[in-house]
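**Q** Please find work_8.pdb (PDB, C-alpha atoms) on the next line:
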```pdb
ATOM      1  CA  MET A 661      10.829   4.518  -0.554
ATOM      2  CA  ALA A 662       7.060   4.723  -0.762
ATOM      3  CA  THR A 663       5.168   4.976   2.503
ATOM      4  CA  GLY A 664       1.764   3.741   3.572
ATOM      5  CA  ARG A 665       0.490   7.311   3.776
ATOM      6  CA  THR A 666       0.782   7.932   0.038
ATOM      7  CA  HIS A 667       0.148   4.475  -1.448
ATOM      8  CA  ARG A 668      -2.702   2.152  -0.545
ATOM      9  CA  PRO A 669      -3.468  -1.401  -1.718
ATOM     10  CA  ALA A 670      -5.779  -1.766  -4.685
ATOM     11  CA  THR A 671      -7.619  -4.881  -3.508
ATOM     12  CA  ARG A 672     -10.979  -3.158  -3.106
ATOM     13  CA  SER A 673     -10.849  -1.392  -6.472
ATOM     14  CA  ARG A 674      -9.936  -4.713  -8.117
ATOM     15  CA  GLY A 675     -13.010  -6.343  -6.602
ATOM     16  CA  ILE A 676     -11.222  -9.027  -4.592
ATOM     17  CA  PRO A 677     -13.602 -10.463  -1.944
ATOM     18  CA  GLU A 678     -12.708  -9.844   1.690
ATOM     19  CA  ALA A 679     -12.655 -13.612   2.340
ATOM     20  CA  THR A 680      -9.994 -13.992  -0.354
ATOM     21  CA  VAL A 681      -7.986 -11.085   1.068
ATOM     22  CA  ALA A 682      -8.076 -12.800   4.476
ATOM     23  CA  ARG A 683      -6.569 -15.959   2.945
ATOM     24  CA  LEU A 684      -3.795 -14.238   0.978
ATOM     25  CA  PRO A 685      -1.488 -14.000   4.037
ATOM     26  CA  LEU A 686      -1.936 -17.754   4.568
ATOM     27  CA  TYR A 687      -0.819 -18.446   1.008
ATOM     28  CA  LEU A 688       2.061 -16.010   1.359
ATOM     29  CA  ARG A 689       3.283 -17.680   4.539
ATOM     30  CA  ALA A 690       3.235 -21.112   2.887
ATOM     31  CA  LEU A 691       4.897 -19.782  -0.267
ATOM     32  CA  THR A 692       7.604 -18.005   1.722
ATOM     33  CA  ALA A 693       8.450 -21.273   3.454
ATOM     34  CA  LEU A 694       8.725 -22.987   0.058
ATOM     35  CA  SER A 695      10.885 -20.154  -1.269
ATOM     36  CA  GLU A 696      13.247 -20.458   1.682
ATOM     37  CA  ARG A 697      13.671 -24.141   0.770
ATOM     38  CA  SER A 698      14.387 -23.159  -2.876
ATOM     39  CA  VAL A 699      11.276 -24.970  -4.154
ATOM     40  CA  PRO A 700      10.660 -23.567  -7.677
ATOM     41  CA  THR A 701       7.053 -24.634  -8.320
ATOM     42  CA  VAL A 702       4.116 -25.944  -6.324
ATOM     43  CA  SER A 703       0.812 -27.557  -7.280
ATOM     44  CA  SER A 704      -2.488 -26.123  -6.124
ATOM     45  CA  GLU A 705      -3.098 -29.235  -4.011
ATOM     46  CA  GLU A 706       0.269 -28.974  -2.244
ATOM     47  CA  LEU A 707      -0.078 -25.255  -1.608
ATOM     48  CA  ALA A 708      -3.680 -25.619  -0.437
ATOM     49  CA  THR A 709      -2.641 -28.269   2.080
ATOM     50  CA  ALA A 710       0.203 -26.090   3.353
ATOM     51  CA  ALA A 711      -2.163 -23.121   3.716
ATOM     52  CA  GLY A 712      -4.976 -25.129   5.297
ATOM     53  CA  VAL A 713      -7.610 -24.580   2.587
ATOM     54  CA  ASN A 714      -9.050 -26.730  -0.187
ATOM     55  CA  SER A 715      -7.499 -26.575  -3.639
ATOM     56  CA  ALA A 716     -10.684 -25.436  -5.410
ATOM     57  CA  LYS A 717     -10.917 -22.403  -3.118
ATOM     58  CA  LEU A 718      -7.221 -21.659  -3.681
ATOM     59  CA  ARG A 719      -7.605 -21.738  -7.455
ATOM     60  CA  LYS A 720     -10.629 -19.443  -7.215
ATOM     61  CA  ASP A 721      -8.711 -17.030  -4.986
ATOM     62  CA  PHE A 722      -5.754 -16.933  -7.364
ATOM     63  CA  SER A 723      -8.058 -16.277 -10.310
ATOM     64  CA  TYR A 724      -8.777 -12.862  -8.777
ATOM     65  CA  LEU A 725      -5.046 -12.179  -8.997
ATOM     66  CA  GLY A 726      -4.884 -13.326 -12.617
ATOM     67  CA  SER A 727      -2.800 -16.379 -11.705
ATOM     68  CA  TYR A 728      -3.924 -19.711 -13.081
ATOM     69  CA  GLY A 729      -0.759 -21.802 -12.920
ATOM     70  CA  THR A 730       0.516 -24.108 -15.624
ATOM     71  CA  ARG A 731      -1.074 -27.497 -16.185
ATOM     72  CA  GLY A 732       1.325 -30.239 -15.175
ATOM     73  CA  VAL A 733       3.731 -27.751 -13.620
ATOM     74  CA  GLY A 734       1.799 -25.750 -11.047
ATOM     75  CA  TYR A 735       2.516 -22.246  -9.782
ATOM     76  CA  ASP A 736       5.838 -20.426  -9.872
ATOM     77  CA  VAL A 737       6.664 -19.895  -6.190
ATOM     78  CA  GLU A 738       8.768 -16.742  -6.510
ATOM     79  CA  TYR A 739       6.304 -15.045  -8.828
ATOM     80  CA  LEU A 740       3.383 -15.831  -6.515
ATOM     81  CA  VAL A 741       5.323 -14.465  -3.523
ATOM     82  CA  TYR A 742       5.839 -11.224  -5.434
ATOM     83  CA  GLN A 743       2.281 -11.108  -6.772
ATOM     84  CA  ILE A 744       0.603 -11.654  -3.398
ATOM     85  CA  SER A 745       3.030  -9.309  -1.645
ATOM     86  CA  ARG A 746       2.218  -6.614  -4.187
ATOM     87  CA  GLU A 747      -1.525  -7.182  -3.834
ATOM     88  CA  LEU A 748      -1.300  -6.926  -0.050
ATOM     89  CA  GLY A 749       0.798  -3.789  -0.314
ATOM     90  CA  LEU A 750       3.856  -5.443   1.196
ATOM     91  CA  THR A 751       6.228  -4.221  -1.486
ATOM     92  CA  GLN A 752       5.909  -0.808   0.171
ATOM     93  CA  ASP A 753       7.172   0.510   3.487
ATOM     94  CA  TRP A 754       4.388   0.661   6.114
ATOM     95  CA  PRO A 755       5.367   2.701   9.190
ATOM     96  CA  VAL A 756       3.555   1.407  12.272
ATOM     97  CA  ALA A 757       3.015   3.092  15.647
ATOM     98  CA  ILE A 758       2.404   0.993  18.759
ATOM     99  CA  VAL A 759       0.488   2.729  21.559
ATOM    100  CA  GLY A 760       0.730   1.169  25.017
ATOM    101  CA  ILE A 761       4.202  -0.158  25.780
ATOM    102  CA  GLY A 762       3.445  -2.674  28.481
ATOM    103  CA  ASN A 763       4.410  -6.337  28.249
ATOM    104  CA  LEU A 764       2.433  -6.948  25.047
ATOM    105  CA  GLY A 765       3.432  -3.702  23.358
ATOM    106  CA  ALA A 766       7.091  -4.311  24.154
ATOM    107  CA  ALA A 767       6.857  -7.883  22.855
ATOM    108  CA  LEU A 768       5.386  -6.647  19.560
ATOM    109  CA  ALA A 769       8.086  -3.978  19.298
ATOM    110  CA  ASN A 770      10.734  -6.686  19.666
ATOM    111  CA  TYR A 771       9.117  -9.012  17.115
ATOM    112  CA  GLY A 772      11.542  -9.404  14.222
ATOM    113  CA  GLY A 773       8.999 -10.626  11.692
ATOM    114  CA  PHE A 774       7.475  -7.244  10.914
ATOM    115  CA  ALA A 775      10.376  -5.862   8.881
ATOM    116  CA  SER A 776      10.581  -8.889   6.594
ATOM    117  CA  ARG A 777       6.885  -8.508   5.797
ATOM    118  CA  GLY A 778       6.888  -4.836   4.871
ATOM    119  CA  PHE A 779       6.131  -3.274   8.268
ATOM    120  CA  ARG A 780       8.457  -0.943  10.117
ATOM    121  CA  VAL A 781       7.848  -0.072  13.754
ATOM    122  CA  ALA A 782       8.345   3.676  13.456
ATOM    123  CA  ALA A 783       7.147   4.848  16.876
ATOM    124  CA  LEU A 784       6.394   3.575  20.377
ATOM    125  CA  ILE A 785       3.963   5.668  22.430
ATOM    126  CA  ASP A 786       2.885   5.424  26.064
ATOM    127  CA  ALA A 787       0.920   7.547  28.550
ATOM    128  CA  ASP A 788       3.334   6.935  31.437
ATOM    129  CA  PRO A 789       5.735   9.909  31.737
ATOM    130  CA  ALA A 790       8.289   7.594  33.339
ATOM    131  CA  MET A 791       8.456   5.595  30.094
ATOM    132  CA  ALA A 792       9.391   8.593  27.947
ATOM    133  CA  GLY A 793      12.854   8.168  26.511
ATOM    134  CA  THR A 794      13.117   4.530  27.561
ATOM    135  CA  PRO A 795      14.533   2.443  24.693
ATOM    136  CA  VAL A 796      12.505  -0.598  23.649
ATOM    137  CA  ALA A 797      13.787  -2.646  20.712
ATOM    138  CA  GLY A 798      16.163   0.216  19.977
ATOM    139  CA  ILE A 799      13.363   2.795  19.760
ATOM    140  CA  ALA A 800      12.820   5.501  22.379
ATOM    141  CA  VAL A 801       9.302   5.509  23.836
ATOM    142  CA  GLN A 802       7.493   8.823  23.367
ATOM    143  CA  HIS A 803       4.647  10.298  25.402
ATOM    144  CA  THR A 804       1.039  10.355  24.204
ATOM    145  CA  ASP A 805       0.997  14.156  24.532
ATOM    146  CA  ASP A 806       3.043  14.207  21.321
ATOM    147  CA  LEU A 807       0.931  11.615  19.486
ATOM    148  CA  ASP A 808      -0.275  13.948  16.699
ATOM    149  CA  ARG A 809       3.248  15.100  15.899
ATOM    150  CA  ILE A 810       4.656  11.558  16.068
ATOM    151  CA  ILE A 811       2.067  10.246  13.606
ATOM    152  CA  SER A 812       2.638  13.161  11.230
ATOM    153  CA  ASP A 813       6.451  13.092  11.395
ATOM    154  CA  ASN A 814       6.605   9.343  10.664
ATOM    155  CA  GLY A 815       3.840   9.191   8.055
ATOM    156  CA  VAL A 816       2.040   6.513  10.083
ATOM    157  CA  SER A 817      -1.207   5.137   8.660
ATOM    158  CA  ILE A 818      -1.329   1.925  10.744
ATOM    159  CA  GLY A 819      -1.692   2.091  14.516
ATOM    160  CA  VAL A 820      -1.473  -0.808  16.974
ATOM    161  CA  ILE A 821      -3.358  -0.409  20.269
ATOM    162  CA  THR A 822      -2.075  -2.471  23.200
ATOM    163  CA  THR A 823      -3.469  -0.314  26.009
ATOM    164  CA  PRO A 824      -5.834  -1.371  28.819
ATOM    165  CA  PRO A 825      -9.444  -1.527  27.550
ATOM    166  CA  GLY A 826     -10.509   1.637  29.358
ATOM    167  CA  ALA A 827      -8.022   3.746  27.405
ATOM    168  CA  ALA A 828      -8.400   2.094  24.003
ATOM    169  CA  GLN A 829     -11.259   4.182  22.589
ATOM    170  CA  GLN A 830      -9.614   7.467  23.540
ATOM    171  CA  VAL A 831      -6.353   6.337  21.953
ATOM    172  CA  CYS A 832      -8.262   5.187  18.879
ATOM    173  CA  ASP A 833      -9.968   8.579  18.559
ATOM    174  CA  ARG A 834      -6.635  10.378  18.791
ATOM    175  CA  LEU A 835      -5.014   8.100  16.216
ATOM    176  CA  VAL A 836      -7.884   8.662  13.783
ATOM    177  CA  ALA A 837      -7.795  12.429  14.357
ATOM    178  CA  ALA A 838      -4.056  12.351  13.635
ATOM    179  CA  GLY A 839      -4.649  10.665  10.273
ATOM    180  CA  VAL A 840      -4.332   6.944  11.048
ATOM    181  CA  THR A 841      -6.710   4.976   8.814
ATOM    182  CA  SER A 842      -5.999   1.371   9.879
ATOM    183  CA  ILE A 843      -5.918   0.068  13.443
ATOM    184  CA  LEU A 844      -4.919  -3.282  14.912
ATOM    185  CA  ASN A 845      -6.608  -3.527  18.294
ATOM    186  CA  PHE A 846      -5.295  -5.868  20.994
ATOM    187  CA  ALA A 847      -7.364  -4.253  23.768
ATOM    188  CA  PRO A 848     -10.312  -6.443  24.852
ATOM    189  CA  THR A 849     -12.955  -3.939  23.818
ATOM    190  CA  VAL A 850     -14.902  -2.966  20.704
ATOM    191  CA  LEU A 851     -13.766   0.273  19.091
ATOM    192  CA  SER A 852     -16.013   2.757  17.341
ATOM    193  CA  VAL A 853     -14.455   4.344  14.258
ATOM    194  CA  PRO A 854     -15.723   6.548  11.434
ATOM    195  CA  GLU A 855     -16.291   5.308   7.908
ATOM    196  CA  GLY A 856     -13.054   4.859   6.028
ATOM    197  CA  VAL A 857     -11.102   3.566   9.027
ATOM    198  CA  ASP A 858     -10.396  -0.173   9.166
ATOM    199  CA  VAL A 859     -10.092  -2.027  12.482
ATOM    200  CA  ARG A 860      -8.819  -5.557  12.994
ATOM    201  CA  LYS A 861      -9.326  -6.978  16.470
ATOM    202  CA  VAL A 862      -7.037  -9.520  18.118
ATOM    203  CA  ASP A 863      -8.522 -10.867  21.361
ATOM    204  CA  LEU A 864      -6.373 -13.641  22.802
ATOM    205  CA  SER A 865      -8.860 -14.418  25.576
ATOM    206  CA  ILE A 866     -11.611 -15.091  23.034
ATOM    207  CA  GLU A 867      -9.342 -17.431  21.076
ATOM    208  CA  LEU A 868      -8.508 -19.300  24.298
ATOM    209  CA  GLN A 869     -12.207 -19.551  25.183
ATOM    210  CA  ILE A 870     -12.937 -21.072  21.777
ATOM    211  CA  LEU A 871     -10.135 -23.605  22.327
ATOM    212  CA  ALA A 872     -11.559 -24.367  25.788
ATOM    213  CA  PHE A 873     -14.916 -25.083  24.174
ATOM    214  CA  HIS A 874     -13.355 -27.561  21.766
ATOM    215  CA  GLU A 875     -11.331 -29.182  24.557
ATOM    216  CA  GLN A 876     -14.481 -29.616  26.645
ATOM    217  CA  ARG A 877     -16.342 -31.092  23.693
ATOM    218  CA  LYS A 878     -13.498 -33.528  22.955
ATOM    219  CA  ALA A 879     -13.409 -34.580  26.604
ATOM    220  CA  GLY A 880     -17.167 -35.137  26.531
ATOM    221  CA  GLU A 881     -16.886 -37.277  23.413
ATOM    222  CA  ASP A 882     -14.048 -39.373  24.816
ATOM    223  CA  ALA A 883     -15.474 -40.026  28.278
ATOM    224  CA  PRO A 884     -18.826 -41.777  28.885
ATOM    225  CA  ALA A 885     -21.313 -39.801  30.929
ATOM    226  CA  GLU A 886     -21.515 -40.601  34.640
ATOM    227  CA  GLY A 887     -23.630 -43.718  35.202
ATOM    228  CA  ASP A 888     -23.420 -44.839  31.571
ATOM    229  CA  ASP A 889     -22.993 -48.560  30.978
ATOM    230  CA  PRO A 890     -21.932 -49.265  27.407
ATOM    231  CA  GLU A 891     -23.370 -52.805  27.644
ATOM    232  CA  ALA A 892     -26.706 -51.773  29.151
ATOM    233  CA  PRO A 893     -29.834 -52.044  26.958
ATOM    234  CA  PRO A 894     -31.317 -48.801  25.603
ATOM    235  CA  MET A 895     -33.311 -46.854  28.165
ATOM    236  CA  ARG A 896     -37.053 -46.497  27.740
ATOM    237  CA  ALA A 897     -38.359 -43.118  26.760
ATOM    238  CA  THR A 898     -39.105 -40.951  29.785
ATOM    239  CA  PRO A 899     -42.536 -39.449  30.310
ATOM    240  CA  ALA A 900     -43.159 -36.183  28.600
ATOM    241  CA  SER A 901     -43.591 -34.389  31.927
ATOM    242  CA  ARG A 902     -42.622 -34.626  35.568
ATOM    243  CA  LYS A 903     -43.866 -33.110  38.816
ATOM    244  CA  GLY A 904     -42.357 -29.863  39.974
ATOM    245  CA  PRO A 905     -43.138 -27.431  42.758
ATOM    246  CA  ASP A 906     -45.754 -25.766  40.538
ATOM    247  CA  GLY A 907     -47.225 -28.920  39.029
ATOM    248  CA  ASP A 908     -46.384 -30.701  35.774
ATOM    249  CA  MET A 909     -43.305 -29.470  33.908
ATOM    250  CA  PRO A 910     -42.246 -30.560  30.423
ATOM    251  CA  ALA A 911     -39.174 -32.783  30.325
ATOM    252  CA  VAL A 912     -37.498 -30.246  28.050
ATOM    253  CA  MET A 913     -38.258 -26.639  28.831
ATOM    254  CA  PRO A 914     -38.884 -24.428  25.788
ATOM    255  CA  ALA A 915     -36.205 -21.894  24.959
TER     256      ALA A 915
END
```
Mind converting the file's structure to structure tokens?
**A**
Amino acid sequence: MATGRTHRPATRSRGIPEATVARLPLYLRALTALSERSVPTVSSEELATAAGVNSAKLRKDFSYLGSYGTRGVGYDVEYLVYQISRELGLTQDWPVAIVGIGNLGAALANYGGFASRGFRVAALIDADPAMAGTPVAGIAVQHTDDLDRIISDNGVSIGVITTPPGAAQQVCDRLVAAGVTSILNFAPTVLSVPEGVDVRKVDLSIELQILAFHEQRKAGEDAPAEGDDPEAPPMRATPASRKGPDGDMPAVMPA
């Protein structure tokens, strides 16, 4: 079976925009769900709704793949699953190494969805000597001292970092030196990598902060401000300035 070390996706050479590449997994997820329900064809509107994009953008994205559908019929679900999987490189075997086998690393190791999407957890690595040899998801944890050998023996080109932030850059450097060219970083820190190495960052705290922002905004829209009377007449405009400890101050301070 081909491995990620010897075969790489051709999306860049084919000129597919990065924004389109980022949406391909969304289409694949929606198409896989349709395939599991034995749905033979799907319209661009139906698939766009399932993927959370607009249909015009979907049709433009698929044009980069050479898929235009059939008028009055739509897209062949099984063929699109194959086509997108091939474009993403998921028809190959991608050995993955997870470094940092704490709660998050162990949870990822136990996630059953990787194998069905073309990813095989080939190695689990941790800096704690007490973890060495401990089985997690049926795989024995190995020590970071052997990282170079582990990466080489398993042909790993994708590394997942789930270490504390203080250790992430050092782990990243070692993975790159060992030949890893793609890194998924769960550590809450920005990694520096040389040209030719791709990094995708997953920061759960940032995603939660963004949700908190939207929750606060929704709460502000739903609840009237303190002292507001919805039946009161409009307030008069306030003076352009007011007295402060140093004299007049504008009502709105400049940024």
**Q** Using only C-alpha atoms, what does the table of segment 758-842 of chain A residues within 12 Å of segment 847-859 of chain A look like, with each row giving the shortest atom pair and its distance in Å to one decimal, sorted by chain and ascending number, as a tab-separated table?
**A**
```
residue	atom	partner	partner_atom	distance
A:Val759	CA	A:Ala847	CA	10.7
A:Gly760	CA	A:Ala847	CA	9.8
A:Gly762	CA	A:Ala847	CA	11.9
A:Leu764	CA	A:Ala847	CA	10.2
A:Gly765	CA	A:Ala847	CA	10.8
A:Ser817	CA	A:Val857	CA	10.0
A:Ile818	CA	A:Asp858	CA	9.4
A:Gly819	CA	A:Val859	CA	9.6
A:Val820	CA	A:Ala847	CA	9.6
A:Ile821	CA	A:Ala847	CA	6.6
A:Thr822	CA	A:Ala847	CA	5.6
A:Thr823	CA	A:Ala847	CA	6.0
A:Pro824	CA	A:Ala847	CA	6.0
A:Pro825	CA	A:Ala847	CA	5.1
A:Gly826	CA	A:Thr849	CA	8.2
A:Ala827	CA	A:Ala847	CA	8.8
A:Ala828	CA	A:Ala847	CA	6.4
A:Gln829	CA	A:Leu851	CA	5.8
A:Gln830	CA	A:Leu851	CA	9.4
A:Val831	CA	A:Leu851	CA	10.0
A:Cys832	CA	A:Leu851	CA	7.4
A:Asp833	CA	A:Val853	CA	7.5
A:Arg834	CA	A:Val853	CA	10.9
A:Leu835	CA	A:Val853	CA	10.3
A:Val836	CA	A:Val857	CA	7.7
A:Ala837	CA	A:Pro854	CA	10.3
A:Gly839	CA	A:Val857	CA	9.7
A:Val840	CA	A:Val857	CA	7.8
A:Thr841	CA	A:Val857	CA	4.6
A:Ser842	CA	A:Asp858	CA	4.7
```
**Q** Keeping C-alpha atoms for every residue in the selection just given, could you write it to a file as an mmCIF file, in the coordinates of the input?
**A**
```cif
data_model
loop_
_atom_site.group_PDB
_atom_site.id
_atom_site.type_symbol
_atom_site.label_atom_id
_atom_site.label_comp_id
_atom_site.auth_asym_id
_atom_site.auth_seq_id
_atom_site.Cartn_x
_atom_site.Cartn_y
_atom_site.Cartn_z
ATOM 1 C CA VAL A 759 0.488 2.729 21.559
ATOM 2 C CA GLY A 760 0.730 1.169 25.017
ATOM 3 C CA GLY A 762 3.445 -2.674 28.481
ATOM 4 C CA LEU A 764 2.433 -6.948 25.047
ATOM 5 C CA GLY A 765 3.432 -3.702 23.358
ATOM 6 C CA SER A 817 -1.207 5.137 8.660
ATOM 7 C CA ILE A 818 -1.329 1.925 10.744
ATOM 8 C CA GLY A 819 -1.692 2.091 14.516
ATOM 9 C CA VAL A 820 -1.473 -0.808 16.974
ATOM 10 C CA ILE A 821 -3.358 -0.409 20.269
ATOM 11 C CA THR A 822 -2.075 -2.471 23.200
ATOM 12 C CA THR A 823 -3.469 -0.314 26.009
ATOM 13 C CA PRO A 824 -5.834 -1.371 28.819
ATOM 14 C CA PRO A 825 -9.444 -1.527 27.550
ATOM 15 C CA GLY A 826 -10.509 1.637 29.358
ATOM 16 C CA ALA A 827 -8.022 3.746 27.405
ATOM 17 C CA ALA A 828 -8.400 2.094 24.003
ATOM 18 C CA GLN A 829 -11.259 4.182 22.589
ATOM 19 C CA GLN A 830 -9.614 7.467 23.540
ATOM 20 C CA VAL A 831 -6.353 6.337 21.953
ATOM 21 C CA CYS A 832 -8.262 5.187 18.879
ATOM 22 C CA ASP A 833 -9.968 8.579 18.559
ATOM 23 C CA ARG A 834 -6.635 10.378 18.791
ATOM 24 C CA LEU A 835 -5.014 8.100 16.216
ATOM 25 C CA VAL A 836 -7.884 8.662 13.783
ATOM 26 C CA ALA A 837 -7.795 12.429 14.357
ATOM 27 C CA GLY A 839 -4.649 10.665 10.273
ATOM 28 C CA VAL A 840 -4.332 6.944 11.048
ATOM 29 C CA THR A 841 -6.710 4.976 8.814
ATOM 30 C CA SER A 842 -5.999 1.371 9.879
#
```
**Q** Which residues, written as a list in words, have at least one atom at most 12 Å from Ala693 of chain A, with only C-alpha atoms counted and residues fewer than 3 positions away on the same chain left out?
**A**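 Selected residues are Leu686, Tyr687, Leu688, Arg689, Ala690, Glu696, Arg697, Ser698, Val699, Pro700, Val702, Leu707, Ala710, Ala711, Val737, Glu738 and Val741 of chain A.
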**Q** With all atoms of segment 784-790 of chain A from the file as input, state the centre and edge lengths in Å to one decimal of the axis-aligned box that has 4 Å extra on each side, as AutoDock Vina command-line options.
**A**
```
--center_x 4.6 --center_y 6.7 --center_z 26.9 --size_x 15.4 --size_y 14.3 --size_z 21.0
```
**Q** One decimal, Å: what's the distance from atom CA of Asp805 of chain A over to atom CA of Val756 of chain A, could you say?
**A**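 So the two atoms, atom CA of Asp805 of chain A and atom CA of Val756 of chain A, lie 17.9 Å apart.
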**Q** For segment 791-793 of chain A, work out the shell of residues within 12 Å, counting only C-alpha atoms and skipping chain neighbours fewer than 3 positions away, then give it as a PyMOL selection string.
**A** chain A and resi 760-762+766+783-788+796+798-806
**Q** Check what the PyMOL selection byres ((chain A and resi 712-719) around 12) selects in the file above and give those residues as a PyMOL selection string.
**A** chain A and resi 679-690+702-711+720-730+734-735
**Q** Given the choices A:Ala757, A:Ala790, A:Val733, A:Ala797, which gets closest to Tyr771 of chain A if the distance is worked out from all atoms listed in the file?
**A** A:Ala797
**Q** Can you tell me how far atom CA of Ala782 of chain A sits from atom CA of Pro755 of chain A, in Å to one decimal?
**A**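 Those two atoms sit 5.3 Å apart.
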**Q** Enter the distance from atom CA of Ser695 of chain A to atom CA of Ile744 of chain A, in Å, rounded to one decimal.
**A**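 Going from atom CA of Ser695 of chain A over to atom CA of Ile744 of chain A covers 13.5 Å.
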**Q** Return the single residue from A:His874, A:Arg731, A:Arg777, A:Glu867 that is closest to Leu748 of chain A, with distances computed using only C-alpha atoms.
**A**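 Checking each candidate against Leu748 of chain A, we get A:Arg777 as the closest.
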**Q** Go through A:Leu768, A:Ala775, A:Ile870, A:Ala838 and flag the residue nearest Thr751 of chain A, using only C-alpha atoms for the distances.
**A** A:Ala775
